[in-house]
Structure formats: C-alpha cells, structure tokens
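Note sheet for the following structure.
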Amino acid sequence: MTYIPLIMTNQRNSQLSKFYKRTIDERREAISHWVGSDVDVNALLAQNLTSLQADSMVENVIGTYALPMGIATNFQINGRDYLIPMVVEEPSVIAAASNAAKMFRAGGGFHTSSDEPVMIGQIQVLDVENPTQAAQNILDAKSKLLAKADEVGGSILKRGGGARDIEVRVFESTEVGAMVVVHLLMDTRDAMGANAINTAVEHIAPDIAQLTGGRTHLRILSNLTDHRKAKAWGIVPASELSKDGGNGHDVVKAIVEASVFAEVDPYRATTHNKGVMNGIDAVVIATGNDWRAVEAGAHAFAARRGSYTSLSRFRANDSGDLVAEIEMPLAVGTVGGATRVHPLAQLSLKILGVTSARELAEVILSVGLAQNFAAVKALAGEGIQRGHMRLHAKQLALAAGASVEMVPSIVETLIRENMIRLERAQALVKQLKGEG
Ligand code: NDP
C-alpha cells in the first residue's frame with residue numbers, strides 16, 4: 001500500500017486522523033513531513049542518545065535507558081496547531097491527551113499567557129547584628145547590585161534578559177538567630193537559567209556580606225519560580241461531553257464536583273495534580289528539561305496558601321459548558337541543560353516548533369490541563385479502570401513474554417475473562433506457544 005502523507009508541511013493541522021492506527025514507520029513519516037526536510041527524523045530516532053553522549057552528561061555511565069516516545073495530536077493553542085512529543089512509561093497518557101485536546105478544540109482550543117522568564121536566586125545571610133538595617137542597606141544599594149549581577153549575565157543580557165529586582169526577607173530562628181534572605185530576580189530569557197542565576201548570586205554575595213555586615217552562606221536558585229508562572233484555559237462544550245450517549249450538562253456537573261473535591265482536600269488534590277503532571281512531565285522530559293525542578297515548583301505552588309490544593313479548576317459557564325483553567329510556575333528552557341545535548345530533545349523542540357521558553361511553558365501547561373481534564377472526566381464518569389484495562393492488559397501480555405503477534409488475542413481473553421493478571425497472561429502465553 002502506498003503511504004499517503006498525513007501532513008503537508010504548508011498545512012499545519014494537528015488533527016492526524018487515525019494516527020494510532022498507523023505503523024511506526026508511517027507515524028515517523030508523518031512527523032518528517034511536519035518538521036520539514038531540514039530534520040532527519042529517522043536518523044535522530046535511530047541515533048537516540050549514544051553512551052558517549054551520556055558519558056558527557058552524567059557520571060559513571062554504563063549505558064542509556066530508553067522510554068517510549070509518542071505524539072499527542074489535536075492540540076490547538078492560541079489558534080495554532082501543535083503536535084506534542086511525549087516521553088512516558090504509563091499507558092493511556094498520550095491517548096488521553098490527544099482525545100482531550102480534540103474536545104477543547106471544539107471549544108476554540110487552549111488559550112495561554114505567561115510571565116517574563118524571571119528566576120529567583122537566593123542568598124542566605126547569617127550573623128547579622130541589625131537585620132532591619134541590613135535589609136534597608138540592601139534595598140538602598142539595589143541599582144548597584146543589579147548592575148553588578150549583570151556583569152556576569154553573558155549572552156542573556158544581549159538577548160534582553162538580565163537582573164530585574166532585589167527582594168529582602170528576614171527570618172528569626174532559635175538555632176541560627178536572625179537570618180536575612182536576599183532574592184535576586186533575573187530574566188534568563190530562553191534558558192531555564194539555573195547556571196546563570198547561580199553565577200549571578202555568587203557574584204553579588206561579597207557585596208551583600210559587606211552591606212549587611214553578616215556572613216553569606218547558601219547562594220542558589222529557588223525552584224519555587226513564582227515570578228515565572230504560566231496560565232492555560234479552555235472550554236469544553238457540553239455537547240462534546242454528551243457523545244457517549246449521556247447528558248453533557250450532567251458530565252459538566254460531575255466534573256465540577258470532582259474539581260471542588262480537589263480544591264478543598266489535599267489527599268484528592270495530590271492525585272488530581274499527579275494527573276496534571278502526567279502531561280507536563282512527559283513533555284518536560286521529551287524536551288530535555290529538568291522535571292524534578294518543575295515538579296518541586298508545582299507542588300510548592302500548590303501549597304502556597306498553607307494548605308495543598310489543586311493546580312487547576314473546572315467550572316460551568318453561563319452556557320453550561322465546562323471552563324478549565326490552570327496556573328503554576330513552569331521554568332523550562334529551549335536552550336541549555338540536556339536540551340542541546342540530547343538528539344531527541346532537539347527533535348522534540350522541532351516537532352513543537354516553539355520559538356521561546358515562554359511559548360514552550362505555555363504549550364506544556366496546556367498539555368497538563370488536557371491530561372488533567374481527561375483523568376477527571378474519566379473518574380467523574382465511568383471510573384478510570386475501564387479505560388485503563390485494555391492498555392494494562394497489553395502491558396501484562398508483553399510482560400508475560402507474549403510476542404507482538406500474540407498480544408491482541410491475549411488482551412481479548414484477559415478482558416473477556418475479566419482476569420487482568422500477570423499469571424493468567426503467562427498461562428495464555430504458554431498455551432499459545434504450545435507449552436501449556
Ligand atoms: P545552561 O547553562 O546549559 O544554558 C544556559 C546558557 O545558554 C545561558 O546562560 C547562556 O549562556 C546560553 N544561551 C544561549 N542562548 C540563549 C538564550 N536564547 N537565552 C538564554 N540563554 C542562552 O543551562 P541553564 O542555566 O538553563 O541550566 C539548566 C540546567 O541546570 C538543567 O540541566 C538543570 O538540571 C540544572 N540545574 C538545576 C538546578 C535546580 O533546579 N535546582 C540546580 C543546578 C543545575 P552564555 O551567556 O554563556 O551564552
């Protein structure tokens with residue numbers, strides 16, 4: 001059969017009909033069309049990360065560890081179509097994101113905004129005799145300190161970034177006495193910016209010691225990047241939620257009820273936010289960004305009012321449609337770290353076609369919202385297990401040693417018998433191999 005390209009490069013439509021039914025080679029070909037001829041998708045996927053490259057990234061390397069990489073379809077964000085590369089080991093995530101994106105698309109797609117990419121660098125100052133005076137001295141010297149920080153700003157400065165502000169906070173502790181904490185705020189442009197901000201706080205630390213008469217101790221960025229937040233929102237029409245035969249307004253109501261549960265109860269909020277991070281982490285990893293940093297910032301932000309709550313919210317609008325919104329800190333880069341070393345991170349950025357770190361953060365957050373919506377909708381409707389069952393059965397069949405050809409019949413049997421267990425899958429594999 002001759003392959004008919006799913007995508008023409010001049011026609012950026014992320015609705016790839018029946019993408020999941022295509023072979024891996026066909027999907028790769030579609031992605032090649034999407035990214036254009038200057039990127040050799042097959043070569044990058046074949047090369048992946050070599051041991052030699054891995055050895056230059058971390059210590060004591062013995063090899064690399066592969067995870068599945070897939071593409072979520074249907075995303076439309078601020079009127080533009082995106083295909084989303086996702087790296088994740090959990091079944092259902094990519095399918096659920098694609099399906100959710102289709103429903104948001106029917107309501108006009110996702111809309112986003114974000115702060116300037118401003119990072120916080122912290123300097124801890126101890127042994128300060130008069131913390132109030134010390135804080136004042138620092139604030140009085142703000143412009144000198146900002147200029148000093150910019151001395152080590154490097155190319156970030158030329159790109160329009162650089163030091164933006166100084167904040168001072170004072171803590172009292174029985175163990176160490178008064179503690180002055182200085183925040184340097186710095187726009188790190190398209191970098192996540194850990195190295196730039198760490199360099200800058202180290203550079204101004206001697207001045208801080210002099211201004212406070214104290215001793216500077218830790219000098220390091222904060223992962224609670226709450227000056228670098230992104231927002232995403234979108235509408236799922238109630239009509240989209242009635243496609244399974246039910247009443248869409250009932251589904252909207254059920255989702256709102258589930259949202260309120262997560263807003264008030266930290267036990268539920270944790271799982272609700274895990275659903276958000278299913279989407280976020282998968283793209284953060286695909287693009288070579290630091291997912292521990294993003295996770296730490298997300299959860300600290302969720303607890304910012306003293307009690308852990310949900311990162312997103314779902315409500316009905318006047319027309320009875322579902323309005324979904326999310327806000328959180330998201331410090332990711334399109335340059336630096338593993339983004340420039342890992343060939344598949346480079347490929348992921350090409351597939352996304354983003355031109356700035358802010359755009360990347362906004363896209364990632366939209367994926368988080370889509371993922372979250374999909375999970376809440378499933379929970380508020382039929383429950384999560386039914387949707388998961390088929391993919392779980394497939395994973396069990398493979399874990400039981402089934403060949404690719406054996407998988408479909410084993411999956412069918414496991415589901416029919418309502419016995420989604422490894423032992424049963426192993427018995428079926430034995431039977432099919434003629435050993436049972
Ligand atoms: P890099 O230092 O690798 O890259 C950022 C640098 O790239 C900039 O400082 C700048 O350097 C250069 N650059 C080139 N083009 C641009 C552009 N358009 N915008 C901005 N900078 C540009 O990475 P990061 O500083 O972003 O650090 C990310 C890494 O730090 C991640 O791997 C993370 O895991 C790690 N890390 C994280 C920590 C944490 O989260 N707590 C702590 C420490 C490290 P130049 O001025 O020289 O051109």
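Identifiers in this document derive from the order of the structure tokens: chains are assigned A, B, ..., residues are numbered from 1 separately in each chain, and ligands are numbered from 1 in order of occurrence.
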All residues having an atom within 7 Å of ligand 1 (only C-alpha atoms and all ligand atoms) as an mmCIF file with N, CA, C and O atoms, in the first residue's frame:
```
data_model
loop_
_atom_site.group_PDB
_atom_site.id
_atom_site.type_symbol
_atom_site.label_atom_id
_atom_site.label_comp_id
_atom_site.auth_asym_id
_atom_site.auth_seq_id
_atom_site.Cartn_x
_atom_site.Cartn_y
_atom_site.Cartn_z
ATOM 1 N N GLY A 153 26.124 38.399 33.334
ATOM 2 C CA GLY A 153 24.899 37.990 32.621
ATOM 3 C C GLY A 153 25.152 37.328 31.277
ATOM 4 O O GLY A 153 24.277 36.651 30.739
ATOM 5 N N GLY A 154 26.357 37.496 30.730
ATOM 6 C CA GLY A 154 26.713 36.844 29.455
ATOM 7 C C GLY A 154 25.752 37.187 28.334
ATOM 8 O O GLY A 154 25.213 38.299 28.259
ATOM 9 N N SER A 155 25.499 36.204 27.478
ATOM 10 C CA SER A 155 24.687 36.461 26.285
ATOM 11 C C SER A 155 23.223 36.727 26.649
ATOM 12 O O SER A 155 22.472 37.272 25.835
ATOM 13 N N ILE A 156 22.825 36.337 27.854
ATOM 14 C CA ILE A 156 21.434 36.580 28.277
ATOM 15 C C ILE A 156 21.129 38.076 28.236
ATOM 16 O O ILE A 156 20.038 38.503 27.865
ATOM 17 N N ARG A 159 20.476 39.338 24.861
ATOM 18 C CA ARG A 159 19.175 38.870 24.369
ATOM 19 C C ARG A 159 18.006 39.562 25.058
ATOM 20 O O ARG A 159 16.861 39.144 24.912
ATOM 21 N N THR A 188 16.049 35.182 32.569
ATOM 22 C CA THR A 188 17.057 34.315 31.926
ATOM 23 C C THR A 188 16.656 33.932 30.494
ATOM 24 O O THR A 188 17.151 32.944 29.941
ATOM 25 N N ARG A 189 15.727 34.683 29.931
ATOM 26 C CA ARG A 189 15.312 34.503 28.527
ATOM 27 C C ARG A 189 14.916 33.059 28.206
ATOM 28 O O ARG A 189 14.082 32.513 28.842
ATOM 29 N N ASP A 190 15.581 32.424 27.241
ATOM 30 C CA ASP A 190 15.138 31.098 26.805
ATOM 31 C C ASP A 190 15.805 29.952 27.551
ATOM 32 O O ASP A 190 15.604 28.785 27.210
ATOM 33 N N ALA A 191 16.607 30.299 28.566
ATOM 34 C CA ALA A 191 17.223 29.243 29.379
ATOM 35 C C ALA A 191 16.360 28.981 30.603
ATOM 36 O O ALA A 191 15.690 29.892 31.094
ATOM 37 N N MET A 192 16.386 27.742 31.119
ATOM 38 C CA MET A 192 15.803 27.502 32.439
ATOM 39 C C MET A 192 16.526 28.426 33.410
ATOM 40 O O MET A 192 15.909 29.019 34.286
ATOM 41 N N GLY A 193 17.826 28.524 33.250
ATOM 42 C CA GLY A 193 18.563 29.608 33.893
ATOM 43 C C GLY A 193 19.256 29.277 35.197
ATOM 44 O O GLY A 193 19.777 30.174 35.870
ATOM 45 N N ALA A 194 19.301 27.975 35.561
ATOM 46 C CA ALA A 194 19.932 27.599 36.838
ATOM 47 C C ALA A 194 21.364 28.125 36.909
ATOM 48 O O ALA A 194 21.764 28.728 37.913
ATOM 49 N N ASN A 195 22.124 27.898 35.842
ATOM 50 C CA ASN A 195 23.541 28.280 35.911
ATOM 51 C C ASN A 195 23.714 29.790 35.918
ATOM 52 O O ASN A 195 24.542 30.327 36.674
ATOM 53 N N ALA A 196 22.927 30.484 35.120
ATOM 54 C CA ALA A 196 23.050 31.944 35.064
ATOM 55 C C ALA A 196 22.712 32.578 36.407
ATOM 56 O O ALA A 196 23.442 33.447 36.905
ATOM 57 N N LEU A 221 19.648 29.104 43.288
ATOM 58 C CA LEU A 221 18.302 29.441 42.782
ATOM 59 C C LEU A 221 17.219 28.809 43.641
ATOM 60 O O LEU A 221 17.474 27.830 44.352
ATOM 61 N N SER A 222 16.011 29.347 43.560
ATOM 62 C CA SER A 222 14.843 28.707 44.165
ATOM 63 C C SER A 222 14.051 28.044 43.052
ATOM 64 O O SER A 222 13.847 28.634 41.989
ATOM 65 N N ASN A 223 13.585 26.814 43.324
ATOM 66 C CA ASN A 223 12.726 26.147 42.345
ATOM 67 C C ASN A 223 11.261 26.556 42.476
ATOM 68 O O ASN A 223 10.421 26.129 41.685
ATOM 69 N N ASN A 289 14.197 18.871 29.526
ATOM 70 C CA ASN A 289 14.182 19.805 30.658
ATOM 71 C C ASN A 289 14.184 19.050 31.990
ATOM 72 O O ASN A 289 14.036 17.832 32.036
ATOM 73 N N ASP A 290 14.375 19.819 33.066
ATOM 74 C CA ASP A 290 14.558 19.253 34.403
ATOM 75 C C ASP A 290 13.191 19.059 35.063
ATOM 76 O O ASP A 290 12.599 20.009 35.557
ATOM 77 N N ALA A 293 12.811 19.834 38.873
ATOM 78 C CA ALA A 293 12.664 21.270 39.154
ATOM 79 C C ALA A 293 11.212 21.694 38.947
ATOM 80 O O ALA A 293 10.633 22.418 39.769
ATOM 81 N N GLY A 333 13.455 25.532 29.551
ATOM 82 C CA GLY A 333 14.267 26.230 28.563
ATOM 83 C C GLY A 333 14.200 25.579 27.195
ATOM 84 O O GLY A 333 13.872 24.395 27.066
ATOM 85 N N VAL A 335 16.988 26.265 25.406
ATOM 86 C CA VAL A 335 18.451 26.150 25.259
ATOM 87 C C VAL A 335 18.974 25.651 26.611
ATOM 88 O O VAL A 335 18.284 25.735 27.608
ATOM 89 N N GLY A 336 20.208 25.162 26.601
ATOM 90 C CA GLY A 336 20.859 24.801 27.856
ATOM 91 C C GLY A 336 20.492 23.419 28.363
ATOM 92 O O GLY A 336 19.598 22.752 27.832
ATOM 93 N N GLY A 337 21.223 22.991 29.392
ATOM 94 C CA GLY A 337 20.995 21.685 30.001
ATOM 95 C C GLY A 337 21.029 20.578 28.951
ATOM 96 O O GLY A 337 21.834 20.612 28.018
ATOM 97 N N ALA A 338 20.114 19.600 29.106
ATOM 98 C CA ALA A 338 20.093 18.470 28.169
ATOM 99 C C ALA A 338 19.427 18.829 26.851
ATOM 100 O O ALA A 338 19.498 18.061 25.886
#
```
Quick one: residues within 9 Å of range 432-436 of chain A, only C-alpha atoms counted, chain neighbours fewer than 2 positions away excluded, as number ranges by chain? A: 402, 406, 427-430
Using only C-alpha atoms, find the one residue out of A:Val41, A:Ala298, A:Leu16, A:Val58 that sits nearest to Gly368 in chain A. A:Ala298
Fewer than 2 positions away in the same chain doesn't count, so skip those; otherwise give me all residues within 12 Å of Leu67 in chain A, counting only C-alpha atoms, as number ranges by chain. A: 48-49, 64-65, 69-70, 86-91, 282, 285-286, 344
Might you pull out every residue within 12 Å of range 125-134 of chain A, with only C-alpha atoms counted and same-chain residues fewer than 5 positions away left off, and present them as a PyMOL selection string? chain A and resi 139-141+168-173+175-183+205-219
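Every protein or nucleic acid residue with an atom no more than 9 Å from Leu145 in chain A, counting only C-alpha atoms and leaving out same-chain residues fewer than 3 positions away, appears here: Ile138, Ala141, Lys142, Lys148, Ala149, Asp150, Ala163, Ile166, Leu184, Ile204, Asp207 and Ile208 of chain A.
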Using only C-alpha atoms, find the one residue out of A:Ser319, A:Ser356, A:Ser403, A:Asn198 that sits nearest to Met119 in chain A.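 Once distances to Met119 in chain A are computed over only C-alpha atoms, the minimum belongs to A:Asn198.
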Polymer residues at most 6 Å from Arg315 in chain A, only C-alpha atoms, same-chain spacing of 3 or more positions, as a VMD selection string: chain A and resid 256 322 to 323
DSSP says strand (DSSP E) for which residues of range 219-390 of chain A? Put them as number ranges by chain? A: 219-221, 229-236, 312-316, 322-329
Backbone-only DSSP, helix (DSSP H, G or I) members of range 196-402 of chain A, as a PyMOL selection string: chain A and resi 196-212+238-242+248-264+266-286+291-302+337-339+343-352+357-380+384-399
Quick one, how far is CA of Ile351 in chain A from CA of Trp34 in chain A?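 Distance reported for this atom pair: 7.1 Å.
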So which one's closest to Val376 in chain A, A:Ala100, A:Leu347, A:Val61, A:Ile280? Using only C-alpha atoms, please. A:Ala100
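Take CA of Met186 in chain A and CA of Glu359 in chain A: the distance between them is 18.5 Å.
Counting only C-alpha atoms, the residue from A:Gly275, A:Arg292, A:Ser307, A:Ala397 that sits nearest to Glu263 in chain A is A:Ser307.
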Set the distance at 9 Å and use only C-alpha atoms: which residues neighbour Asp265 in chain A once local chain neighbours fewer than 2 positions away are removed? I'd like the list as an MDAnalysis selection string. chainID A and resid 260:263 267:270 307:310
Only N, CA and C atoms, please: the residues just picked out, written as a PDB file, in the first residue's frame.
```pdb
ATOM      1  N   VAL A 260     -14.068  20.544  42.854  1.00  0.00           N
ATOM      2  CA  VAL A 260     -14.212  21.113  44.199  1.00  0.00           C
ATOM      3  C   VAL A 260     -13.579  20.183  45.241  1.00  0.00           C
ATOM      4  N   PHE A 261     -13.759  18.891  45.064  1.00  0.00           N
ATOM      5  CA  PHE A 261     -13.139  17.889  45.945  1.00  0.00           C
ATOM      6  C   PHE A 261     -11.622  18.146  46.005  1.00  0.00           C
ATOM      7  N   ALA A 262     -10.998  18.301  44.832  1.00  0.00           N
ATOM      8  CA  ALA A 262      -9.540  18.509  44.785  1.00  0.00           C
ATOM      9  C   ALA A 262      -9.138  19.881  45.330  1.00  0.00           C
ATOM     10  N   GLU A 263     -10.040  20.859  45.213  1.00  0.00           N
ATOM     11  CA  GLU A 263      -9.704  22.209  45.709  1.00  0.00           C
ATOM     12  C   GLU A 263      -9.640  22.234  47.238  1.00  0.00           C
ATOM     13  N   TYR A 267      -5.636  15.325  50.067  1.00  0.00           N
ATOM     14  CA  TYR A 267      -5.467  13.920  49.635  1.00  0.00           C
ATOM     15  C   TYR A 267      -5.913  13.757  48.189  1.00  0.00           C
ATOM     16  N   ARG A 268      -7.035  14.393  47.853  1.00  0.00           N
ATOM     17  CA  ARG A 268      -7.524  14.321  46.475  1.00  0.00           C
ATOM     18  C   ARG A 268      -6.675  15.235  45.564  1.00  0.00           C
ATOM     19  N   ALA A 269      -6.285  16.402  46.100  1.00  0.00           N
ATOM     20  CA  ALA A 269      -5.505  17.356  45.290  1.00  0.00           C
ATOM     21  C   ALA A 269      -4.201  16.728  44.803  1.00  0.00           C
ATOM     22  N   THR A 270      -3.586  15.911  45.654  1.00  0.00           N
ATOM     23  CA  THR A 270      -2.310  15.275  45.283  1.00  0.00           C
ATOM     24  C   THR A 270      -2.492  14.396  44.046  1.00  0.00           C
ATOM     25  N   SER A 307      -2.170  25.328  52.693  1.00  0.00           N
ATOM     26  CA  SER A 307      -2.804  24.020  52.563  1.00  0.00           C
ATOM     27  C   SER A 307      -2.712  23.619  51.095  1.00  0.00           C
ATOM     28  N   TYR A 308      -2.302  22.392  50.865  1.00  0.00           N
ATOM     29  CA  TYR A 308      -2.093  21.903  49.492  1.00  0.00           C
ATOM     30  C   TYR A 308      -3.432  21.837  48.746  1.00  0.00           C
ATOM     31  N   THR A 309      -3.462  22.375  47.544  1.00  0.00           N
ATOM     32  CA  THR A 309      -4.704  22.393  46.770  1.00  0.00           C
ATOM     33  C   THR A 309      -4.437  22.040  45.304  1.00  0.00           C
ATOM     34  N   SER A 310      -5.512  22.029  44.516  1.00  0.00           N
ATOM     35  CA  SER A 310      -5.361  21.645  43.112  1.00  0.00           C
ATOM     36  C   SER A 310      -4.757  22.790  42.301  1.00  0.00           C
TER      37      SER A 310
END
```
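Residue nearest Lys231 in chain A within the list A:Met328, A:Val152, A:Ala97, A:Val294: A:Met328 [criterion: smallest interatomic distance, only C-alpha atoms].
Here CA of Asp25 in chain A and CA of Asp81 in chain A stand 22.5 Å from one another.
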